[in-house]
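Novice: The structure under discussion is supplied below as structure tokens; questions concerning it will follow.
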Amino acid sequence: MVLTERRSAPLSPVAVKASAGASEHLRIARVVNLARALEELKRQNLWIIGLDANPDESRICDYDQFDLTGDCVLVLGREGAGLHELIRRSCDYLLRIPMAGGVSSLNVSAAGAVVLYEAFRQRRLAARRVQQGAEDRVGPTAGGVGPAAGVKPKKQKGLGS
């Protein structure tokens, strides 16, 4: 997790408690300039993906239509104001969560959770496809290996395991 040193909430004991211990499993970096930090991450071959509710942008797409299985950084904006214009321009892609009804957007923590879970879901599905392909190549070709044959798939660490 990358946070700016100024104009971001501190990692207080209240925040740690609210995270239910998850903050103890994260590497947290404080940076002076977020735009420069994002440029450095780009140089390390990471895609910069911004989450923004602004539908006017031509390069914006729905979060569930985007391939989140690669190495990427998810950038979340400020409550109400969204991404700063300089940060928006630094992003390789912009994603949005389509909303229905009278609510135009989610708060930043809920939106982040939605997109992070989608990334986890896509990566878990890709890993299963790779594992299934390996089983098909190694095991018998007709019905002896895999979930259909009654063999339980390996448990994976992370959500839902």
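We name chains A, B, ... following the order of the structure tokens; residues begin at 1 in each chain, and ligands are numbered from 1 as shown.
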If we count only C-alpha atoms, what is near stretch 89-95 of chain A at a cut-off of 12 Å, once residues fewer than 2 positions away on the same chain are taken out, given as a VMD selection string?
Specialist: chain A and resid 34 to 42 45 to 68 72 to 77 82 to 87 97 to 98 111 to 112 114 to 115
Novice: Considering only C-alpha atoms, return as a short mmCIF file (atom, residue, chain, number, x, y, z; two decimals) with N, CA and C atoms, in the first residue's frame whatever protein or nucleic-acid residues lie within 8 Å of stretch 6-18 of chain A, sequence-local ones (same chain, fewer than 5 positions apart) excluded.
Specialist:
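Once everything was written out, this is part-v1.cif:
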```cif
data_model
loop_
_atom_site.label_atom_id
_atom_site.label_comp_id
_atom_site.auth_asym_id
_atom_site.auth_seq_id
_atom_site.Cartn_x
_atom_site.Cartn_y
_atom_site.Cartn_z
N SER A 23 -3.87 -4.97 8.44
CA SER A 23 -2.77 -4.03 8.22
C SER A 23 -1.42 -4.62 8.64
N GLU A 24 -1.45 -5.62 9.49
CA GLU A 24 -0.20 -6.27 9.91
C GLU A 24 0.40 -7.13 8.80
N VAL A 32 6.46 11.04 -0.65
CA VAL A 32 6.25 12.48 -0.67
C VAL A 32 5.39 12.87 -1.86
#
```
Novice: Which residue, A:Thr4, A:Ala20, A:Ser105, A:Glu79, has the smallest gap to A:Asn33 when you use only C-alpha atoms?
Specialist: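 Counting only C-alpha atoms, the residue closest to A:Asn33 is A:Thr4.
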Novice: With distances taken over only C-alpha atoms, which residue among A:Arg30, A:Thr69, A:Arg78, A:Leu125 lies nearest A:Ser109?
Specialist: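 Of the candidates, the smallest distance to A:Ser109 is held by A:Arg78.
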Novice: Could you please write out, as a tab-separated table (two decimals) with C-alpha atoms, in the first residue's frame, every residue of stretch 33-101 of chain A that DSSP assigns to alpha helix (DSSP H)?
Specialist:
```
chain	number	residue	atom	x	y	z
A	34	LEU	CA	2.46	10.07	-5.48
A	35	ALA	CA	2.84	10.96	-9.18
A	36	ARG	CA	6.60	10.30	-9.01
A	37	ALA	CA	6.01	7.05	-7.12
A	38	LEU	CA	3.56	5.91	-9.82
A	39	GLU	CA	6.09	6.73	-12.54
A	40	GLU	CA	8.70	4.63	-10.69
A	41	LEU	CA	6.23	1.74	-10.49
A	42	LYS	CA	5.63	2.06	-14.25
A	43	ARG	CA	9.38	1.74	-14.82
A	85	GLU	CA	-6.08	15.35	-12.45
A	86	LEU	CA	-2.30	14.75	-12.44
A	87	ILE	CA	-2.81	11.25	-10.99
A	88	ARG	CA	-5.62	10.53	-13.49
A	89	ARG	CA	-3.23	11.39	-16.35
A	90	SER	CA	-0.57	9.10	-14.82
```
Novice: Can you list, as a list in words, every residue of chain A that DSSP puts in strand (DSSP E or B)?
Specialist: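 DSSP on the backbone gives strand (DSSP E or B) at Val2, Leu3, Thr4, Ala29, Arg30, Val31, Trp47, Ile48, Ile49, Gly50, Leu51, Ile60, Cys61, Asp62, Cys72, Val73, Leu74, Val75, Leu76, Arg78, Gly82, Tyr93, Leu94, Leu95 and Arg96 of chain A.
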Novice: May I have the residues within 12 Å of A:Ala126 as a short mmCIF file (atom, residue, chain, number, x, y, z; two decimals) with N, CA and C atoms, in the first residue's frame, using only C-alpha atoms and disregarding those fewer than 5 positions away in the same chain?
Specialist:
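As written to disk, around-v5.cif reads:
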```cif
data_model
loop_
_atom_site.label_atom_id
_atom_site.label_comp_id
_atom_site.auth_asym_id
_atom_site.auth_seq_id
_atom_site.Cartn_x
_atom_site.Cartn_y
_atom_site.Cartn_z
N ASP A 67 -9.12 -7.00 -17.56
CA ASP A 67 -8.27 -8.11 -17.12
C ASP A 67 -7.36 -7.63 -16.00
N LEU A 68 -7.63 -8.06 -14.78
CA LEU A 68 -6.87 -7.67 -13.60
C LEU A 68 -5.89 -8.76 -13.16
N THR A 69 -5.56 -9.68 -14.05
CA THR A 69 -4.68 -10.79 -13.67
C THR A 69 -3.20 -10.44 -13.77
N GLY A 70 -2.87 -9.35 -14.43
CA GLY A 70 -1.47 -8.97 -14.58
C GLY A 70 -0.95 -8.17 -13.39
N ALA A 119 -10.30 -8.55 -8.77
CA ALA A 119 -8.95 -8.97 -9.13
C ALA A 119 -8.63 -10.34 -8.54
N PHE A 120 -8.99 -10.54 -7.28
CA PHE A 120 -8.76 -11.84 -6.63
C PHE A 120 -9.54 -12.94 -7.36
N ARG A 121 -10.80 -12.66 -7.71
CA ARG A 121 -11.64 -13.65 -8.39
C ARG A 121 -11.02 -14.03 -9.74
N GLN A 131 -3.91 -24.75 -13.38
CA GLN A 131 -3.82 -26.01 -12.64
C GLN A 131 -4.57 -27.11 -13.39
N GLN A 132 -5.73 -26.80 -13.91
CA GLN A 132 -6.51 -27.80 -14.66
C GLN A 132 -5.76 -28.22 -15.92
N GLY A 133 -5.14 -27.25 -16.58
CA GLY A 133 -4.36 -27.57 -17.77
C GLY A 133 -3.19 -28.47 -17.45
#
```
Novice: Considering only C-alpha atoms, can you say which of A:Arg123, A:Glu5, A:Arg27, A:Gly80 comes closest to A:Ser104?
Specialist: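 Looking only at the distances to A:Ser104, the closest residue turns out to be A:Gly80.
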Novice: Kindly indicate which residue among A:Arg96, A:Gln44, A:Met1, A:Val31 lies nearest to A:Asp71, using only C-alpha atoms for the distances.
Specialist: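 Result for the nearest residue to A:Asp71: A:Gln44.
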Novice: Suppose you want the space between atom CA of A:Leu106 and atom CA of A:Ser19; what is it in Å?
Specialist: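 That distance, rounded to one decimal, is 18.8 Å.
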Novice: Could you jot down the atom CA of A:Ala22 to atom CA of A:Met99 separation for me, Å, one decimal place?
Specialist: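 So the answer is 28.1 Å.
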